[in-house]
file start-v6.txt (compact mmCIF, C-alpha atoms)
# COMPACT_ATOMS: atom_id res chain seq x y z
CA MET E 62 161.40 -40.99 -29.29
CA THR E 63 159.12 -43.69 -28.01
CA PHE E 64 155.99 -44.94 -29.77
CA ILE E 65 153.77 -43.31 -27.14
CA ASN E 66 155.42 -39.93 -27.59
CA GLU E 67 155.06 -40.14 -31.36
CA LEU E 68 151.40 -41.03 -30.96
CA ARG E 69 150.84 -37.98 -28.73
CA GLN E 70 152.44 -35.65 -31.29
CA LEU E 71 150.09 -36.70 -34.08
CA ASP E 72 147.78 -33.90 -35.29
CA PRO E 73 144.28 -35.29 -35.85
CA LYS E 74 143.58 -32.34 -38.16
CA ASP E 75 146.47 -33.18 -40.45
CA ILE E 76 146.36 -36.93 -40.99
CA GLY E 77 148.30 -36.58 -44.24
CA ARG E 78 151.49 -35.76 -42.34
CA TRP E 79 151.25 -38.81 -40.10
CA PRO E 80 153.90 -41.49 -40.53
CA ALA E 81 152.82 -44.37 -42.76
CA ILE E 82 152.54 -46.82 -39.88
CA PHE E 83 150.10 -44.59 -38.02
CA ARG E 84 148.06 -43.90 -41.13
CA GLY E 85 147.86 -47.65 -41.70
CA LEU E 86 146.77 -48.22 -38.11
CA ALA E 87 144.11 -45.50 -38.37
CA ILE E 88 142.75 -46.99 -41.60
CA GLY E 89 142.71 -50.44 -40.01
CA VAL E 90 140.84 -49.19 -36.93
CA ILE E 91 138.25 -47.38 -39.11
CA PHE E 92 137.83 -50.51 -41.23
CA LEU E 93 137.33 -52.65 -38.13
CA LEU E 94 134.76 -50.22 -36.75
CA LEU E 95 132.83 -50.14 -40.02
CA THR E 96 132.95 -53.94 -40.21
CA ALA E 97 131.67 -54.25 -36.65
CA ILE E 98 128.83 -51.79 -37.31
CA PHE E 99 127.88 -53.64 -40.50
CA VAL E 100 127.90 -57.03 -38.73
CA TYR E 101 125.78 -55.56 -35.93
CA LEU E 102 123.23 -53.85 -38.16
CA LEU E 103 122.84 -56.59 -40.78
CA PRO E 104 120.60 -58.91 -38.72
CA ILE E 105 118.62 -55.92 -37.45
CA SER E 106 117.91 -54.71 -40.99
CA ASN E 107 116.81 -58.22 -41.96
CA GLN E 108 114.37 -58.26 -39.06
CA MET E 109 112.89 -54.80 -39.74
CA PRO E 110 109.90 -56.16 -41.76
CA ASP E 111 109.06 -58.51 -38.88
CA LEU E 112 109.36 -55.61 -36.46
CA ASP E 113 107.04 -53.45 -38.58
CA ARG E 114 104.49 -56.26 -38.74
CA ALA E 115 104.69 -56.77 -35.00
CA ARG E 116 104.15 -53.05 -34.39
CA ALA E 117 101.13 -52.99 -36.73
CA GLU E 118 99.68 -56.06 -35.00
CA GLU E 119 100.27 -54.48 -31.62
CA ALA E 120 98.44 -51.30 -32.69
CA GLN E 121 95.52 -53.37 -34.01
CA LEU E 122 95.30 -55.41 -30.83
CA LEU E 123 95.39 -52.27 -28.70
CA ASN E 124 92.58 -50.76 -30.80
CA THR E 125 90.51 -53.94 -30.45
CA PHE E 126 91.16 -53.98 -26.71
CA ASP E 127 90.05 -50.34 -26.36
CA GLN E 128 86.83 -51.02 -28.30
CA ARG E 129 85.98 -54.09 -26.24
CA GLN E 130 86.84 -52.33 -23.02
CA MET E 131 84.48 -49.49 -24.01
CA LYS E 132 81.70 -51.95 -24.82
CA ALA E 133 82.23 -53.74 -21.54
CA ALA E 134 82.10 -50.46 -19.65
CA ASN E 135 78.82 -49.51 -21.38
CA PHE E 136 77.26 -52.99 -21.21
CA ASP E 137 74.50 -51.97 -18.80
CA ALA E 138 73.64 -48.94 -20.93
CA TYR E 139 73.46 -51.15 -24.03
CA LYS E 140 71.12 -53.56 -22.23
CA ALA E 141 68.82 -50.70 -21.23
CA GLN E 142 68.88 -49.32 -24.78
CA LEU E 143 68.04 -52.74 -26.19
CA ALA E 144 65.11 -53.07 -23.80
CA ASP E 145 63.81 -49.65 -24.93
CA MET E 146 64.15 -50.67 -28.59
CA GLN E 147 62.26 -53.90 -27.94
CA ARG E 148 59.45 -52.00 -26.25
CA SER E 149 59.27 -49.53 -29.15
CA PHE E 150 59.33 -52.36 -31.67
CA GLY E 151 56.53 -54.12 -29.81
CA ALA E 152 54.42 -50.95 -29.82
CA MET E 153 54.92 -50.62 -33.59
CA LEU E 154 54.01 -54.27 -34.20
CA ARG E 155 50.80 -53.82 -32.26
CA GLN E 156 49.82 -51.13 -34.79
CA LEU E 157 50.02 -53.58 -37.70
CA PRO E 158 46.64 -55.15 -38.41
CA GLY E 159 46.21 -58.87 -38.81
CA ARG E 160 44.67 -60.44 -41.89
CA THR E 161 41.14 -60.29 -40.49
CA GLU E 162 41.48 -56.60 -39.52
CA VAL E 163 42.45 -55.33 -42.99
CA PRO E 164 38.90 -55.01 -44.42
CA SER E 165 37.76 -52.86 -41.48
CA LEU E 166 40.90 -50.73 -41.81
CA LEU E 167 40.15 -50.11 -45.49
CA VAL E 168 36.66 -48.99 -44.49
CA ASP E 169 38.18 -46.66 -41.88
CA ILE E 170 40.45 -45.07 -44.51
CA SER E 171 37.54 -44.56 -46.89
CA GLN E 172 35.32 -43.18 -44.15
CA THR E 173 38.06 -40.73 -43.13
CA GLY E 174 37.86 -39.07 -46.55
CA LEU E 175 34.07 -38.93 -46.46
CA ALA E 176 34.12 -37.54 -42.92
CA ALA E 177 36.38 -34.72 -44.14
CA GLY E 178 33.73 -33.78 -46.72
CA LEU E 179 35.65 -35.12 -49.71
CA GLN E 180 34.13 -36.91 -52.67
CA GLU E 181 35.72 -40.25 -53.36
CA LYS E 182 36.39 -40.77 -57.06
CA LEU E 183 38.72 -43.78 -56.73
CA PHE E 184 39.51 -46.25 -53.97
CA GLN E 185 41.51 -49.12 -55.45
CA PRO E 186 43.52 -51.51 -53.23
CA ALA E 187 46.50 -52.94 -55.14
CA PRO E 188 48.04 -56.41 -54.62
CA GLU E 189 49.97 -56.58 -51.37
CA ILE E 190 53.75 -56.58 -51.40
CA ARG E 191 55.39 -58.97 -48.93
CA LYS E 192 58.47 -57.81 -47.06
CA ASP E 193 60.30 -59.50 -44.16
CA PHE E 194 57.69 -60.18 -41.51
CA TYR E 195 54.94 -57.92 -42.87
CA ALA E 196 53.03 -57.18 -46.07
CA GLU E 197 52.59 -53.73 -47.59
CA LEU E 198 49.10 -52.93 -48.89
CA PRO E 199 49.01 -49.94 -51.29
CA ILE E 200 45.68 -48.23 -52.02
CA LYS E 201 45.24 -45.75 -54.87
CA ILE E 202 42.85 -42.99 -53.84
CA ARG E 203 41.40 -40.02 -55.72
CA LEU E 204 39.42 -37.42 -53.81
CA THR E 205 37.94 -34.04 -54.69
CA GLY E 206 37.44 -31.16 -52.33
CA SER E 207 39.19 -28.12 -50.90
CA TYR E 208 42.61 -27.63 -49.30
CA HIS E 209 40.99 -27.44 -45.88
CA GLN E 210 39.20 -30.74 -46.46
CA PHE E 211 42.44 -32.35 -47.64
CA GLY E 212 44.08 -31.20 -44.41
CA SER E 213 41.28 -32.77 -42.38
CA PHE E 214 41.68 -36.01 -44.32
CA VAL E 215 45.45 -36.16 -43.66
CA SER E 216 44.90 -35.38 -39.98
CA GLY E 217 42.26 -38.11 -39.77
CA ILE E 218 44.59 -40.66 -41.38
CA ALA E 219 47.30 -39.78 -38.85
CA SER E 220 44.81 -40.33 -36.02
CA LEU E 221 43.92 -43.88 -37.06
CA PRO E 222 44.97 -46.53 -34.51
CA ARG E 223 46.78 -48.48 -37.25
CA ILE E 224 49.78 -47.36 -39.27
CA VAL E 225 48.82 -45.73 -42.58
CA THR E 226 51.29 -43.70 -44.64
CA LEU E 227 50.60 -41.43 -47.63
CA HIS E 228 52.78 -41.44 -50.75
CA ASP E 229 52.89 -39.98 -54.28
CA ILE E 230 50.67 -37.05 -53.34
CA ALA E 231 49.50 -34.93 -56.30
CA ILE E 232 47.00 -32.06 -56.13
CA ALA E 233 45.47 -30.47 -59.22
CA THR E 234 42.54 -28.21 -59.99
CA ASP E 235 39.30 -29.88 -60.95
CA GLY E 236 38.68 -29.21 -64.63
CA LYS E 237 34.92 -29.13 -64.10
CA ASP E 238 35.15 -26.37 -61.48
CA THR E 239 35.32 -22.87 -62.99
CA THR E 240 35.94 -21.16 -59.62
CA GLY E 241 39.22 -22.99 -58.96
CA ASP E 242 38.19 -23.76 -55.37
CA ARG E 243 37.63 -27.44 -56.00
CA LEU E 244 40.77 -29.59 -56.22
CA THR E 245 41.59 -33.20 -56.98
CA LEU E 246 43.90 -35.19 -54.72
CA ASP E 247 45.64 -38.31 -56.04
CA VAL E 248 47.47 -40.24 -53.34
CA THR E 249 48.67 -43.74 -52.58
CA ALA E 250 47.87 -44.79 -49.03
CA LYS E 251 49.89 -47.67 -47.65
CA THR E 252 48.99 -49.79 -44.68
CA TYR E 253 50.88 -52.78 -43.39
CA ARG E 254 49.76 -56.24 -42.37
CA TYR E 255 51.58 -58.53 -40.01
CA LEU E 256 52.34 -61.95 -41.54
CA ASP E 257 51.49 -64.98 -39.44
CA ASP E 258 53.69 -68.09 -39.18
CA ALA E 259 51.75 -69.98 -41.86
CA GLU E 260 52.55 -67.25 -44.41
CA MET E 261 56.27 -67.19 -43.75
CA ALA E 262 58.57 -69.13 -46.08
CA PRO E 263 60.81 -71.76 -44.42
CA GLY E 264 63.99 -70.22 -43.05
CA GLU E 265 62.58 -66.69 -42.88
CA HIS E 266 62.39 -64.68 -39.68
CA LYS E 267 59.34 -65.87 -37.75
CA PRO E 268 57.04 -63.02 -36.74
CA GLY E 269 56.03 -64.90 -33.63
CA ASN E 270 59.63 -64.83 -32.43
CA ALA E 271 59.87 -61.13 -33.20
CA ALA E 272 56.70 -60.45 -31.25
CA ALA E 273 57.89 -62.54 -28.32
CA LYS E 274 61.21 -60.74 -28.19
CA ALA E 275 59.39 -57.42 -28.39
CA GLY E 276 57.17 -58.34 -25.47
CA ILE E 277 53.95 -58.87 -27.44
CA PRO E 278 51.66 -61.53 -25.92
call {"tool": "encode", "arguments": {"input": "start-v6.txt", "output": "structure tokens"}}
result
Amino acid sequence: MTFINELRQLDPKDIGRWPAIFRGLAIGVIFLLLTAIFVYLLPISNQMPDLDRARAEEAQLLNTFDQRQMKAANFDAYKAQLADMQRSFGAMLRQLPGRTEVPSLLVDISQTGLAAGLQEKLFQPAPEIRKDFYAELPIKIRLTGSYHQFGSFVSGIASLPRIVTLHDIAIATDGKDTTGDRLTLDVTAKTYRYLDDAEMAPGEHKPGNAAAKAGIP
């Protein structure tokens, strides 16, 4: 019987009955295959961390590209939005009084309470608090009157041409009024003054530049 015929008669399901030479050959072939696979996969496994880093970098670059592409596509819309913001900012800055306008604004606030029929018990401007390019001027106010008169006062403050905000509002009954119709309003009114260049510390944001960018002459 030739070697080829013997090889054809081997039962792959019953390797234990194979002649020793064929079992040895089969073991050798399997060993060679395993060795080849190991030699092939070893450098790949060593390079897996580099591959993972490259994939992560690729994903990050693609994300950055998508974001920049979106910004580029919306560039005109961003320019229009910026122009609207500058116009709005300029309109707000124009509502901030200058240093010389503050006294007349304080008079306007006081007159607003009197025009509403309220009695002014306290009108005390506090020291101003400087912020970025403006100063905050708090004013402690105590008024007596009715709810309706308080509503007229708040409406009148909102109608002033300059920005005035109301804070720390507290309403209580007037102890001297037995009917309970007369109330006391304690409130802190805040107005805001625009700082000029001479008042800005070196290195701070110049209000003149802000006004120029906002379109204020």
call {"tool": "atom_distance", "arguments": {"input": "start-v6.txt", "atom1": "CA of Ala120 (chain E)", "atom2": "CA of Asn135 (chain E)"}}
result
22.7 Å
call {"tool": "atom_distance", "arguments": {"input": "start-v6.txt", "atom1": "CA of Lys201 (chain E)", "atom2": "CA of Pro188 (chain E)"}}
result
11.0 Å
call {"tool": "atom_distance", "arguments": {"input": "start-v6.txt", "atom1": "CA of Leu166 (chain E)", "atom2": "CA of Asp247 (chain E)"}}
result
19.5 Å
call {"tool": "residues_around", "arguments": {"input": "start-v6.txt", "residues": "Glu197 (chain E)", "least_positions_apart": "2", "cutoff": "8 Å", "atoms": "all atoms listed in the file", "output": "PyMOL selection string"}}
result
chain E and resi 189-192+195+199+251-254
call {"tool": "write_last_selection", "arguments": {"input": "start-v6.txt", "atoms": "C-alpha atoms", "output": "CSV table (one decimal), in the frame of the given file"}}
result
chain,number,residue,atom,x,y,z
E,189,GLU,CA,50.0,-56.6,-51.4
E,190,ILE,CA,53.8,-56.6,-51.4
E,191,ARG,CA,55.4,-59.0,-48.9
E,192,LYS,CA,58.5,-57.8,-47.1
E,195,TYR,CA,54.9,-57.9,-42.9
E,199,PRO,CA,49.0,-49.9,-51.3
E,251,LYS,CA,49.9,-47.7,-47.6
E,252,THR,CA,49.0,-49.8,-44.7
E,253,TYR,CA,50.9,-52.8,-43.4
E,254,ARG,CA,49.8,-56.2,-42.4
call {"tool": "residues_near_point", "arguments": {"input": "start-v6.txt", "point": "(42.4, -31.0, -54.6)", "cutoff": "7 Å", "atoms": "only C-alpha atoms", "output": "ChimeraX atom specification"}}
result
/E:205-208,232-234,243-246
call {"tool": "closest_residue", "arguments": {"input": "start-v6.txt", "among": "E:Leu183, E:Ile200, E:Arg148, E:Gly174", "to": "Ser213 (chain E)", "atoms": "all atoms listed in the file"}}
result
E:Gly174
call {"tool": "residues_around", "arguments": {"input": "start-v6.txt", "residues": "Asp169 (chain E)", "least_positions_apart": "6", "cutoff": "10 Å", "atoms": "only C-alpha atoms", "output": "NGL selection string"}}
result
:E and (163 or 175 or 217-218 or 221 or 223)
call {"tool": "write_last_selection", "arguments": {"input": "start-v6.txt", "atoms": "C-alpha atoms", "output": "PDB file, keeping the file's coordinate frame"}}
result
ATOM      1  CA  VAL E 163      42.450 -55.330 -42.990  1.00  0.00           C
ATOM      2  CA  LEU E 175      34.070 -38.930 -46.460  1.00  0.00           C
ATOM      3  CA  GLY E 217      42.260 -38.110 -39.770  1.00  0.00           C
ATOM      4  CA  ILE E 218      44.590 -40.660 -41.380  1.00  0.00           C
ATOM      5  CA  LEU E 221      43.920 -43.880 -37.060  1.00  0.00           C
ATOM      6  CA  ARG E 223      46.780 -48.480 -37.250  1.00  0.00           C
TER       7      ARG E 223
END
call {"tool": "build_atoms", "arguments": {"input": "start-v6.txt", "residues": "region 167-178 of chain E", "atoms": "N, CA, C and O atoms", "output": "PDB file, in the frame of the given file"}}
result
ATOM      1  N   LEU E 167      40.431 -50.744 -44.209  1.00  0.00           N
ATOM      2  CA  LEU E 167      40.150 -50.110 -45.490  1.00  0.00           C
ATOM      3  C   LEU E 167      38.885 -49.261 -45.407  1.00  0.00           C
ATOM      4  O   LEU E 167      38.823 -48.152 -45.972  1.00  0.00           O
ATOM      5  N   VAL E 168      37.892 -49.771 -44.689  1.00  0.00           N
ATOM      6  CA  VAL E 168      36.660 -48.990 -44.490  1.00  0.00           C
ATOM      7  C   VAL E 168      36.968 -47.719 -43.705  1.00  0.00           C
ATOM      8  O   VAL E 168      36.449 -46.638 -44.020  1.00  0.00           O
ATOM      9  N   ASP E 169      37.822 -47.832 -42.686  1.00  0.00           N
ATOM     10  CA  ASP E 169      38.180 -46.660 -41.880  1.00  0.00           C
ATOM     11  C   ASP E 169      38.864 -45.598 -42.745  1.00  0.00           C
ATOM     12  O   ASP E 169      38.597 -44.394 -42.589  1.00  0.00           O
ATOM     13  N   ILE E 170      39.755 -46.029 -43.648  1.00  0.00           N
ATOM     14  CA  ILE E 170      40.450 -45.070 -44.510  1.00  0.00           C
ATOM     15  C   ILE E 170      39.458 -44.370 -45.424  1.00  0.00           C
ATOM     16  O   ILE E 170      39.498 -43.145 -45.616  1.00  0.00           O
ATOM     17  N   SER E 171      38.547 -45.144 -46.007  1.00  0.00           N
ATOM     18  CA  SER E 171      37.540 -44.560 -46.890  1.00  0.00           C
ATOM     19  C   SER E 171      36.630 -43.602 -46.136  1.00  0.00           C
ATOM     20  O   SER E 171      36.316 -42.495 -46.606  1.00  0.00           O
ATOM     21  N   GLN E 172      36.205 -44.013 -44.944  1.00  0.00           N
ATOM     22  CA  GLN E 172      35.320 -43.180 -44.150  1.00  0.00           C
ATOM     23  C   GLN E 172      36.001 -41.891 -43.699  1.00  0.00           C
ATOM     24  O   GLN E 172      35.344 -40.861 -43.507  1.00  0.00           O
ATOM     25  N   THR E 173      37.329 -41.935 -43.534  1.00  0.00           N
ATOM     26  CA  THR E 173      38.060 -40.730 -43.130  1.00  0.00           C
ATOM     27  C   THR E 173      37.942 -39.648 -44.197  1.00  0.00           C
ATOM     28  O   THR E 173      37.781 -38.458 -43.891  1.00  0.00           O
ATOM     29  N   GLY E 174      38.026 -40.045 -45.471  1.00  0.00           N
ATOM     30  CA  GLY E 174      37.860 -39.070 -46.550  1.00  0.00           C
ATOM     31  C   GLY E 174      36.442 -38.521 -46.596  1.00  0.00           C
ATOM     32  O   GLY E 174      36.234 -37.310 -46.775  1.00  0.00           O
ATOM     33  N   LEU E 175      35.457 -39.387 -46.439  1.00  0.00           N
ATOM     34  CA  LEU E 175      34.070 -38.930 -46.460  1.00  0.00           C
ATOM     35  C   LEU E 175      33.775 -38.027 -45.276  1.00  0.00           C
ATOM     36  O   LEU E 175      33.034 -37.036 -45.405  1.00  0.00           O
ATOM     37  N   ALA E 176      34.352 -38.367 -44.106  1.00  0.00           N
ATOM     38  CA  ALA E 176      34.120 -37.540 -42.920  1.00  0.00           C
ATOM     39  C   ALA E 176      34.719 -36.149 -43.079  1.00  0.00           C
ATOM     40  O   ALA E 176      34.235 -35.187 -42.464  1.00  0.00           O
ATOM     41  N   ALA E 177      35.762 -36.024 -43.900  1.00  0.00           N
ATOM     42  CA  ALA E 177      36.380 -34.720 -44.140  1.00  0.00           C
ATOM     43  C   ALA E 177      35.614 -33.900 -45.169  1.00  0.00           C
ATOM     44  O   ALA E 177      35.992 -32.772 -45.469  1.00  0.00           O
ATOM     45  N   GLY E 178      34.536 -34.484 -45.734  1.00  0.00           N
ATOM     46  CA  GLY E 178      33.730 -33.780 -46.720  1.00  0.00           C
ATOM     47  C   GLY E 178      34.218 -33.953 -48.139  1.00  0.00           C
ATOM     48  O   GLY E 178      33.777 -33.225 -49.037  1.00  0.00           O
TER      49      GLY E 178
END
